[in-house]
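Colleague: Have a look at this one.
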Amino acid sequence: MTELEDKAGQADGAGQFTSVLAVCDGGEGDSTTLGLAADIVRANGGPLMVMGLVEPPPGLARLARHTRVEPREIVERLITEENRRLQEMTSGLSVALDIDVCSGKPFLEIIRDVITGERDLVIKAAEAWAGAPRSLFTSTDQHLLRKCPAPVWLHMPETPRPARAVLAAVDVDLDAASQPETLNALNLHVVETAAKTAQLSGANLHILHAWNAPGEGMMWMWSNAPDPKSEVDAYLQSVFEQSRAGIDRLARELAVPTCYLHTHSVRGEARDVIPRKVSELGIDILVMGSIARTGIPGVIIGNTAEDVLNRVECSVVIVKPPAYVSPVKV
(Lines give C-alpha, C1' and ligand atoms only; values in the text may rest on other atoms or scores of the structure.)
Protein backbone atom coordinates (compact mmCIF):
# COMPACT_ATOMS: atom_id res chain seq x y z
CA MET A 1 0.00 0.00 0.00
CA THR A 2 1.36 3.43 -0.97
CA GLU A 3 1.49 6.43 1.38
CA LEU A 4 -1.28 8.08 -0.65
CA GLU A 5 -3.51 5.01 -0.42
CA ASP A 6 -2.88 4.72 3.32
CA LYS A 7 -3.84 8.36 3.90
CA ALA A 8 -6.90 7.95 1.71
CA GLY A 9 -8.15 5.31 4.12
CA GLN A 10 -8.03 7.69 7.09
CA ALA A 11 -11.43 9.19 6.30
CA ASP A 12 -13.43 6.33 4.84
CA GLY A 13 -16.70 7.97 5.79
CA ALA A 14 -16.06 10.73 3.28
CA GLY A 15 -16.43 8.31 0.36
CA GLN A 16 -14.35 8.29 -2.81
CA PHE A 17 -14.16 9.71 -6.30
CA THR A 18 -14.85 6.66 -8.43
CA SER A 19 -15.26 8.02 -11.97
CA VAL A 20 -12.92 10.84 -12.94
CA LEU A 21 -12.85 12.97 -16.08
CA ALA A 22 -9.53 14.71 -16.80
CA VAL A 23 -9.94 17.52 -19.32
CA CYS A 24 -6.90 18.43 -21.41
CA ASP A 25 -7.26 21.54 -23.53
CA GLY A 26 -3.76 21.71 -24.94
CA GLY A 27 -2.48 24.17 -22.36
CA GLU A 28 0.47 24.07 -19.98
CA GLY A 29 -1.75 22.69 -17.22
CA ASP A 30 -2.45 19.38 -18.98
CA SER A 31 0.46 17.62 -17.33
CA THR A 32 -0.71 18.58 -13.83
CA THR A 33 -4.28 17.66 -14.72
CA LEU A 34 -3.21 14.16 -15.71
CA GLY A 35 -0.98 13.79 -12.65
CA LEU A 36 -3.80 14.77 -10.27
CA ALA A 37 -6.28 12.49 -12.00
CA ALA A 38 -3.85 9.56 -11.92
CA ASP A 39 -3.23 10.11 -8.18
CA ILE A 40 -6.97 9.93 -7.52
CA VAL A 41 -7.43 6.79 -9.59
CA ARG A 42 -4.52 5.07 -7.86
CA ALA A 43 -5.98 5.93 -4.45
CA ASN A 44 -9.66 5.34 -5.16
CA GLY A 45 -9.81 2.99 -8.12
CA GLY A 46 -12.43 3.38 -10.80
CA PRO A 47 -12.12 4.46 -14.42
CA LEU A 48 -10.21 7.46 -15.71
CA MET A 49 -11.44 9.20 -18.82
CA VAL A 50 -9.04 11.62 -20.48
CA MET A 51 -10.79 14.08 -22.77
CA GLY A 52 -9.01 16.06 -25.44
CA LEU A 53 -10.73 19.07 -27.00
CA VAL A 54 -10.55 20.25 -30.58
CA GLU A 55 -12.43 23.33 -31.75
CA PRO A 56 -12.80 23.74 -35.51
CA PRO A 57 -10.56 26.66 -36.52
CA PRO A 58 -12.23 30.00 -37.35
CA GLY A 59 -12.87 30.40 -41.03
CA LEU A 60 -12.81 26.66 -41.62
CA ALA A 61 -14.54 26.89 -45.00
CA ARG A 62 -12.00 29.42 -46.32
CA LEU A 63 -9.14 27.35 -44.93
CA ALA A 64 -10.54 24.32 -46.72
CA ARG A 65 -10.74 26.16 -50.03
CA HIS A 66 -7.13 27.31 -49.87
CA THR A 67 -5.71 23.99 -48.66
CA ARG A 68 -7.99 21.96 -50.94
CA VAL A 69 -8.74 19.74 -47.98
CA GLU A 70 -12.33 19.06 -46.98
CA PRO A 71 -13.46 20.76 -43.70
CA ARG A 72 -14.37 17.39 -42.23
CA GLU A 73 -10.89 16.04 -43.01
CA ILE A 74 -9.21 19.07 -41.42
CA VAL A 75 -11.09 18.45 -38.18
CA GLU A 76 -10.35 14.73 -38.33
CA ARG A 77 -6.62 15.45 -38.72
CA LEU A 78 -6.71 17.78 -35.70
CA ILE A 79 -8.45 15.06 -33.69
CA THR A 80 -5.85 12.48 -34.76
CA GLU A 81 -2.99 14.79 -33.78
CA GLU A 82 -4.54 15.53 -30.39
CA ASN A 83 -5.15 11.84 -29.75
CA ARG A 84 -1.50 11.10 -30.53
CA ARG A 85 -0.37 13.87 -28.16
CA LEU A 86 -2.50 12.54 -25.31
CA GLN A 87 -1.34 8.99 -25.93
CA GLU A 88 2.24 10.18 -25.46
CA MET A 89 1.40 12.23 -22.35
CA THR A 90 -0.44 9.36 -20.64
CA SER A 91 1.98 6.57 -21.55
CA GLY A 92 3.85 6.81 -18.25
CA LEU A 93 0.90 7.17 -15.88
CA SER A 94 0.57 3.44 -15.10
CA VAL A 95 -3.21 3.60 -14.65
CA ALA A 96 -6.05 2.20 -16.73
CA LEU A 97 -7.59 4.96 -18.83
CA ASP A 98 -9.51 5.76 -21.97
CA ILE A 99 -8.90 8.72 -24.27
CA ASP A 100 -11.61 10.54 -26.16
CA VAL A 101 -10.97 13.60 -28.31
CA CYS A 102 -14.09 15.67 -28.97
CA SER A 103 -14.81 18.40 -31.48
CA GLY A 104 -17.25 21.16 -30.65
CA LYS A 105 -17.97 23.59 -27.84
CA PRO A 106 -15.70 22.45 -25.01
CA PHE A 107 -18.11 22.98 -22.13
CA LEU A 108 -20.91 21.15 -23.92
CA GLU A 109 -18.71 18.14 -24.71
CA ILE A 110 -17.42 18.02 -21.13
CA ILE A 111 -20.85 18.20 -19.53
CA ARG A 112 -22.32 15.63 -21.92
CA ASP A 113 -19.56 13.20 -21.00
CA VAL A 114 -20.19 13.86 -17.29
CA ILE A 115 -23.85 13.00 -17.75
CA THR A 116 -23.47 9.94 -19.98
CA GLY A 117 -20.40 8.61 -18.13
CA GLU A 118 -21.83 9.37 -14.66
CA ARG A 119 -18.62 11.11 -13.62
CA ASP A 120 -18.30 12.23 -10.03
CA LEU A 121 -15.36 14.61 -10.59
CA VAL A 122 -14.04 16.81 -13.40
CA ILE A 123 -10.43 18.01 -13.23
CA LYS A 124 -9.22 20.81 -15.45
CA ALA A 125 -6.53 23.48 -15.38
CA ALA A 126 -7.94 26.90 -14.56
CA GLU A 127 -7.32 29.39 -17.32
CA ALA A 128 -7.00 33.16 -17.18
CA TRP A 129 -8.26 35.95 -19.34
CA ALA A 130 -5.46 37.39 -21.44
CA GLY A 131 -3.68 40.06 -19.42
CA ALA A 132 -5.77 39.39 -16.28
CA PRO A 133 -4.91 37.69 -12.99
CA ARG A 134 -4.90 33.91 -13.19
CA SER A 135 -7.75 33.77 -10.68
CA LEU A 136 -10.23 35.06 -13.28
CA PHE A 137 -11.73 32.04 -14.99
CA THR A 138 -12.48 31.86 -18.70
CA SER A 139 -15.82 31.41 -20.35
CA THR A 140 -15.42 27.62 -20.56
CA ASP A 141 -14.61 27.44 -16.85
CA GLN A 142 -17.56 29.67 -15.97
CA HIS A 143 -19.91 27.49 -18.03
CA LEU A 144 -18.68 24.44 -16.12
CA LEU A 145 -19.06 26.15 -12.75
CA ARG A 146 -22.63 27.08 -13.61
CA LYS A 147 -23.86 24.04 -15.51
CA CYS A 148 -21.80 20.92 -14.78
CA PRO A 149 -23.64 18.51 -12.43
CA ALA A 150 -20.43 16.91 -11.09
CA PRO A 151 -17.91 18.70 -8.85
CA VAL A 152 -15.49 20.75 -10.96
CA TRP A 153 -11.88 20.95 -9.75
CA LEU A 154 -10.07 23.86 -11.40
CA HIS A 155 -6.45 23.62 -10.39
CA MET A 156 -3.82 26.33 -10.43
CA PRO A 157 -0.33 25.32 -11.57
CA GLU A 158 1.14 26.94 -8.44
CA THR A 159 -0.90 24.74 -6.07
CA PRO A 160 1.42 22.38 -4.15
CA ARG A 161 1.16 18.66 -4.80
CA PRO A 162 0.17 16.98 -2.63
CA ALA A 163 -2.19 19.57 -1.15
CA ARG A 164 -1.52 20.50 2.48
CA ALA A 165 -4.77 22.26 3.44
CA VAL A 166 -8.33 22.15 2.07
CA LEU A 167 -11.05 24.64 3.02
CA ALA A 168 -14.80 23.90 2.81
CA ALA A 169 -16.75 27.18 2.79
CA VAL A 170 -20.37 26.62 3.88
CA ASP A 171 -23.44 28.69 4.69
CA VAL A 172 -25.15 27.25 7.77
CA ASP A 173 -27.61 30.12 8.22
CA LEU A 174 -30.57 27.97 7.23
CA ASP A 175 -33.11 30.33 8.84
CA ALA A 176 -32.30 33.01 6.27
CA ALA A 177 -32.33 30.65 3.29
CA SER A 178 -35.17 30.63 0.78
CA GLN A 179 -34.53 26.90 0.22
CA PRO A 180 -33.21 25.61 3.57
CA GLU A 181 -33.42 21.92 2.65
CA THR A 182 -31.49 22.51 -0.58
CA LEU A 183 -28.91 24.61 1.26
CA ASN A 184 -28.46 21.97 3.95
CA ALA A 185 -27.98 19.25 1.32
CA LEU A 186 -25.48 21.47 -0.48
CA ASN A 187 -23.54 22.09 2.73
CA LEU A 188 -23.26 18.34 3.31
CA HIS A 189 -22.12 17.84 -0.28
CA VAL A 190 -19.48 20.56 0.12
CA VAL A 191 -17.93 19.10 3.29
CA GLU A 192 -18.06 15.55 1.93
CA THR A 193 -16.35 16.64 -1.30
CA ALA A 194 -13.76 18.60 0.69
CA ALA A 195 -13.10 15.54 2.86
CA LYS A 196 -12.64 13.38 -0.23
CA THR A 197 -10.21 15.94 -1.61
CA ALA A 198 -8.27 16.26 1.65
CA GLN A 199 -8.03 12.52 2.24
CA LEU A 200 -6.16 12.07 -1.04
CA SER A 201 -3.03 13.49 0.58
CA GLY A 202 -3.84 13.51 4.28
CA ALA A 203 -4.29 17.29 4.10
CA ASN A 204 -5.74 19.34 6.93
CA LEU A 205 -9.46 19.96 6.43
CA HIS A 206 -10.92 23.33 7.46
CA ILE A 207 -14.63 24.13 7.58
CA LEU A 208 -15.53 27.83 7.49
CA HIS A 209 -18.76 29.78 7.93
CA ALA A 210 -18.75 33.54 7.49
CA TRP A 211 -21.62 34.81 9.66
CA ASN A 212 -23.29 38.17 9.91
CA ALA A 213 -25.68 39.87 12.34
CA PRO A 214 -27.96 41.98 10.14
CA GLY A 215 -30.20 43.02 13.02
CA GLU A 216 -27.48 44.67 15.11
CA GLY A 217 -28.02 48.16 13.74
CA MET A 218 -31.77 48.00 14.26
CA MET A 219 -31.27 46.84 17.84
CA TRP A 220 -29.13 49.86 18.61
CA MET A 221 -31.67 52.23 17.04
CA TRP A 222 -34.92 50.78 18.30
CA SER A 223 -34.21 48.78 21.46
CA ASN A 224 -36.36 49.61 24.50
CA ALA A 225 -34.22 47.40 26.75
CA PRO A 226 -32.80 49.03 29.90
CA ASP A 227 -29.31 47.94 28.85
CA PRO A 228 -29.17 47.91 25.02
CA LYS A 229 -25.51 46.92 24.94
CA SER A 230 -26.16 43.75 26.92
CA GLU A 231 -29.01 42.84 24.58
CA VAL A 232 -26.89 43.50 21.50
CA ASP A 233 -24.08 41.41 22.95
CA ALA A 234 -26.53 38.59 23.70
CA TYR A 235 -27.90 38.81 20.14
CA LEU A 236 -24.39 38.63 18.63
CA GLN A 237 -23.50 35.70 20.87
CA SER A 238 -26.63 33.81 19.81
CA VAL A 239 -25.83 34.31 16.12
CA PHE A 240 -22.26 33.16 16.71
CA GLU A 241 -23.42 30.08 18.64
CA GLN A 242 -25.86 29.21 15.87
CA SER A 243 -22.96 29.38 13.38
CA ARG A 244 -20.77 27.18 15.58
CA ALA A 245 -23.58 24.65 16.07
CA GLY A 246 -24.16 24.47 12.32
CA ILE A 247 -20.48 23.83 11.59
CA ASP A 248 -20.23 21.23 14.36
CA ARG A 249 -23.26 19.42 12.96
CA LEU A 250 -21.60 19.18 9.56
CA ALA A 251 -18.29 18.08 11.08
CA ARG A 252 -20.01 15.19 12.86
CA GLU A 253 -21.07 13.81 9.48
CA LEU A 254 -17.44 13.19 8.56
CA ALA A 255 -15.18 10.34 9.65
CA VAL A 256 -12.12 12.60 9.66
CA PRO A 257 -9.48 12.29 12.41
CA THR A 258 -9.76 15.21 14.84
CA CYS A 259 -6.14 16.19 14.29
CA TYR A 260 -6.89 16.84 10.61
CA LEU A 261 -10.18 18.73 11.14
CA HIS A 262 -10.42 22.42 12.03
CA THR A 263 -13.55 24.61 12.19
CA HIS A 264 -13.86 28.37 11.89
CA SER A 265 -16.81 30.68 12.52
CA VAL A 266 -15.82 34.20 11.47
CA ARG A 267 -17.93 37.34 11.43
CA GLY A 268 -18.04 39.23 8.15
CA GLU A 269 -19.19 39.11 4.55
CA ALA A 270 -18.34 35.81 2.86
CA ARG A 271 -16.81 37.60 -0.13
CA ASP A 272 -14.28 39.17 2.25
CA VAL A 273 -13.85 36.47 4.91
CA ILE A 274 -13.23 33.52 2.60
CA PRO A 275 -10.34 35.02 0.57
CA ARG A 276 -8.76 36.31 3.80
CA LYS A 277 -8.92 32.92 5.50
CA VAL A 278 -7.61 31.21 2.36
CA SER A 279 -4.53 33.40 2.67
CA GLU A 280 -4.18 33.19 6.46
CA LEU A 281 -4.56 29.40 6.62
CA GLY A 282 -2.36 28.65 3.62
CA ILE A 283 -5.20 26.92 1.78
CA ASP A 284 -4.29 24.98 -1.35
CA ILE A 285 -7.81 23.94 -2.40
CA LEU A 286 -11.06 25.83 -1.73
CA VAL A 287 -14.31 23.86 -1.95
CA MET A 288 -17.50 25.90 -2.35
CA GLY A 289 -21.11 25.25 -3.25
CA SER A 290 -23.36 26.98 -5.73
CA ILE A 291 -27.11 27.20 -5.41
CA ALA A 292 -30.03 28.47 -7.48
CA ARG A 293 -31.02 32.00 -6.53
CA THR A 294 -32.26 33.52 -9.77
CA GLY A 295 -34.82 31.00 -11.00
CA ILE A 296 -33.02 30.90 -14.37
CA PRO A 297 -32.12 27.28 -15.26
CA GLY A 298 -28.40 26.78 -15.31
CA VAL A 299 -27.51 30.13 -13.74
CA ILE A 300 -26.79 28.89 -10.26
CA ILE A 301 -23.51 30.32 -9.10
CA GLY A 302 -24.24 33.42 -7.07
CA ASN A 303 -22.50 36.77 -7.10
CA THR A 304 -20.83 36.06 -3.75
CA ALA A 305 -19.25 32.84 -5.05
CA GLU A 306 -18.02 34.52 -8.20
CA ASP A 307 -16.56 37.39 -6.17
CA VAL A 308 -14.68 34.90 -4.00
CA LEU A 309 -13.34 32.93 -6.96
CA ASN A 310 -12.03 36.10 -8.53
CA ARG A 311 -10.08 36.95 -5.35
CA VAL A 312 -8.32 33.68 -4.50
CA GLU A 313 -5.19 32.22 -6.05
CA CYS A 314 -5.62 28.64 -4.88
CA SER A 315 -7.27 25.78 -6.75
CA VAL A 316 -11.05 25.57 -6.39
CA VAL A 317 -13.66 22.82 -6.41
CA ILE A 318 -17.27 23.87 -7.02
CA VAL A 319 -20.16 21.52 -6.23
CA LYS A 320 -23.88 21.72 -6.94
CA PRO A 321 -26.83 20.66 -4.79
CA PRO A 322 -27.36 16.87 -5.03
CA ALA A 323 -30.66 17.29 -6.91
CA TYR A 324 -29.22 19.69 -9.48
CA VAL A 325 -30.09 18.96 -13.11
CA SER A 326 -27.91 20.52 -15.79
CA PRO A 327 -29.61 22.51 -18.56
CA VAL A 328 -27.23 20.86 -21.04
CA LYS A 329 -28.94 18.02 -22.87
CA VAL A 330 -27.25 14.89 -24.13
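Every chain in the C-alpha coordinates takes a letter, A first, then B, and so on in the order presented; its residues are numbered from 1, and the ligands are numbered from 1 following the presented order.
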List as a ChimeraX atom specification the protein and nucleic acid residues near Leu36 of chain A, meaning an atom at most 10 Å away when only C-alpha atoms are counted, but skip any in the same chain fewer than 3 places from it.
Modeller: /A:22,30-33,39-41,123-124,155,161-162,200
Colleague: So that I can check the surroundings of Leu208 of chain A, please list as number ranges by chain every protein, DNA and RNA residue that reaches within 7 Å of it, counting only C-alpha atoms and ignoring chain neighbours fewer than 5 positions away.
Modeller: A: 168-170, 263-265
Colleague: Give me the residues near segment 236-241 of chain A as a ChimeraX atom specification, where near means some atom within 9 Å (using only C-alpha atoms) and where sequence neighbours in that chain fewer than 6 positions away do not count.
Modeller: /A:211-213,216,265-267
Colleague: Within segment 212-288 of chain A, find each residue whose DSSP state, derived from the backbone, is strand (DSSP E or B), and express the selection as an MDAnalysis selection string.
Modeller: chainID A and resid 261:267 285:288
Colleague: List the neighbours of Cys102 of chain A out to 12 Å using only C-alpha atoms; skip same-chain residues closer than 4 positions along the sequence, and give me the result as an mmCIF file with N, CA and C atoms, in the first residue's frame.
Modeller:
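Once everything was written out, this is selection-v6.cif:
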```cif
data_model
loop_
_atom_site.group_PDB
_atom_site.id
_atom_site.type_symbol
_atom_site.label_atom_id
_atom_site.label_comp_id
_atom_site.auth_asym_id
_atom_site.auth_seq_id
_atom_site.Cartn_x
_atom_site.Cartn_y
_atom_site.Cartn_z
ATOM 1 N N VAL A 23 -9.772 16.729 -18.101
ATOM 2 C CA VAL A 23 -9.943 17.523 -19.320
ATOM 3 C C VAL A 23 -8.616 18.162 -19.697
ATOM 4 N N CYS A 24 -8.148 17.865 -20.900
ATOM 5 C CA CYS A 24 -6.901 18.425 -21.413
ATOM 6 C C CYS A 24 -7.234 19.316 -22.607
ATOM 7 N N ASP A 25 -6.902 20.598 -22.468
ATOM 8 C CA ASP A 25 -7.259 21.543 -23.526
ATOM 9 C C ASP A 25 -6.065 22.025 -24.323
ATOM 10 N N VAL A 50 -9.810 10.451 -20.089
ATOM 11 C CA VAL A 50 -9.042 11.624 -20.484
ATOM 12 C C VAL A 50 -9.689 12.198 -21.738
ATOM 13 N N MET A 51 -10.109 13.450 -21.644
ATOM 14 C CA MET A 51 -10.789 14.079 -22.774
ATOM 15 C C MET A 51 -9.899 15.152 -23.385
ATOM 16 N N GLY A 52 -9.675 15.020 -24.686
ATOM 17 C CA GLY A 52 -9.013 16.065 -25.438
ATOM 18 C C GLY A 52 -10.061 16.890 -26.167
ATOM 19 N N LEU A 53 -9.754 18.158 -26.400
ATOM 20 C CA LEU A 53 -10.735 19.068 -26.995
ATOM 21 C C LEU A 53 -10.163 19.697 -28.259
ATOM 22 N N VAL A 54 -10.940 19.632 -29.319
ATOM 23 C CA VAL A 54 -10.551 20.250 -30.584
ATOM 24 C C VAL A 54 -11.701 21.141 -31.041
ATOM 25 N N GLU A 55 -11.431 22.414 -31.192
ATOM 26 C CA GLU A 55 -12.428 23.326 -31.747
ATOM 27 C C GLU A 55 -12.091 23.577 -33.211
ATOM 28 N N PRO A 56 -13.066 23.430 -34.105
ATOM 29 C CA PRO A 56 -12.797 23.737 -35.511
ATOM 30 C C PRO A 56 -12.239 25.151 -35.645
ATOM 31 N N VAL A 75 -10.741 18.720 -39.575
ATOM 32 C CA VAL A 75 -11.093 18.451 -38.179
ATOM 33 C C VAL A 75 -10.621 17.065 -37.768
ATOM 34 N N GLU A 76 -10.784 16.089 -38.647
ATOM 35 C CA GLU A 76 -10.347 14.727 -38.329
ATOM 36 C C GLU A 76 -8.836 14.673 -38.114
ATOM 37 N N LEU A 78 -6.959 17.146 -37.003
ATOM 38 C CA LEU A 78 -6.714 17.775 -35.701
ATOM 39 C C LEU A 78 -7.008 16.805 -34.559
ATOM 40 N N ILE A 79 -8.090 16.042 -34.716
ATOM 41 C CA ILE A 79 -8.451 15.056 -33.690
ATOM 42 C C ILE A 79 -7.379 13.975 -33.592
ATOM 43 N N THR A 80 -6.885 13.519 -34.751
ATOM 44 C CA THR A 80 -5.845 12.483 -34.756
ATOM 45 C C THR A 80 -4.566 12.978 -34.084
ATOM 46 N N GLU A 82 -4.316 15.374 -31.823
ATOM 47 C CA GLU A 82 -4.539 15.527 -30.386
ATOM 48 C C GLU A 82 -4.561 14.175 -29.690
ATOM 49 N N ASN A 83 -5.135 13.188 -30.328
ATOM 50 C CA ASN A 83 -5.149 11.842 -29.752
ATOM 51 C C ASN A 83 -3.731 11.317 -29.587
ATOM 52 N N PRO A 106 -16.305 23.239 -26.095
ATOM 53 C CA PRO A 106 -15.698 22.455 -25.015
ATOM 54 C C PRO A 106 -16.623 22.186 -23.843
ATOM 55 N N PHE A 107 -17.304 23.216 -23.330
ATOM 56 C CA PHE A 107 -18.105 22.984 -22.133
ATOM 57 C C PHE A 107 -19.265 22.031 -22.398
ATOM 58 N N LEU A 108 -19.820 22.075 -23.600
ATOM 59 C CA LEU A 108 -20.911 21.152 -23.925
ATOM 60 C C LEU A 108 -20.411 19.717 -23.971
ATOM 61 N N GLU A 109 -19.257 19.494 -24.612
ATOM 62 C CA GLU A 109 -18.715 18.142 -24.709
ATOM 63 C C GLU A 109 -18.349 17.597 -23.328
ATOM 64 N N ILE A 110 -17.787 18.458 -22.474
ATOM 65 C CA ILE A 110 -17.415 18.018 -21.128
ATOM 66 C C ILE A 110 -18.648 17.617 -20.339
ATOM 67 N N ILE A 111 -19.656 18.473 -20.333
ATOM 68 C CA ILE A 111 -20.852 18.203 -19.530
ATOM 69 C C ILE A 111 -21.598 16.985 -20.061
ATOM 70 N N ARG A 112 -21.652 16.813 -21.363
ATOM 71 C CA ARG A 112 -22.316 15.632 -21.919
ATOM 72 C C ARG A 112 -21.614 14.350 -21.503
ATOM 73 N N ASP A 113 -20.288 14.381 -21.467
ATOM 74 C CA ASP A 113 -19.561 13.195 -21.000
ATOM 75 C C ASP A 113 -19.832 12.945 -19.524
#
```
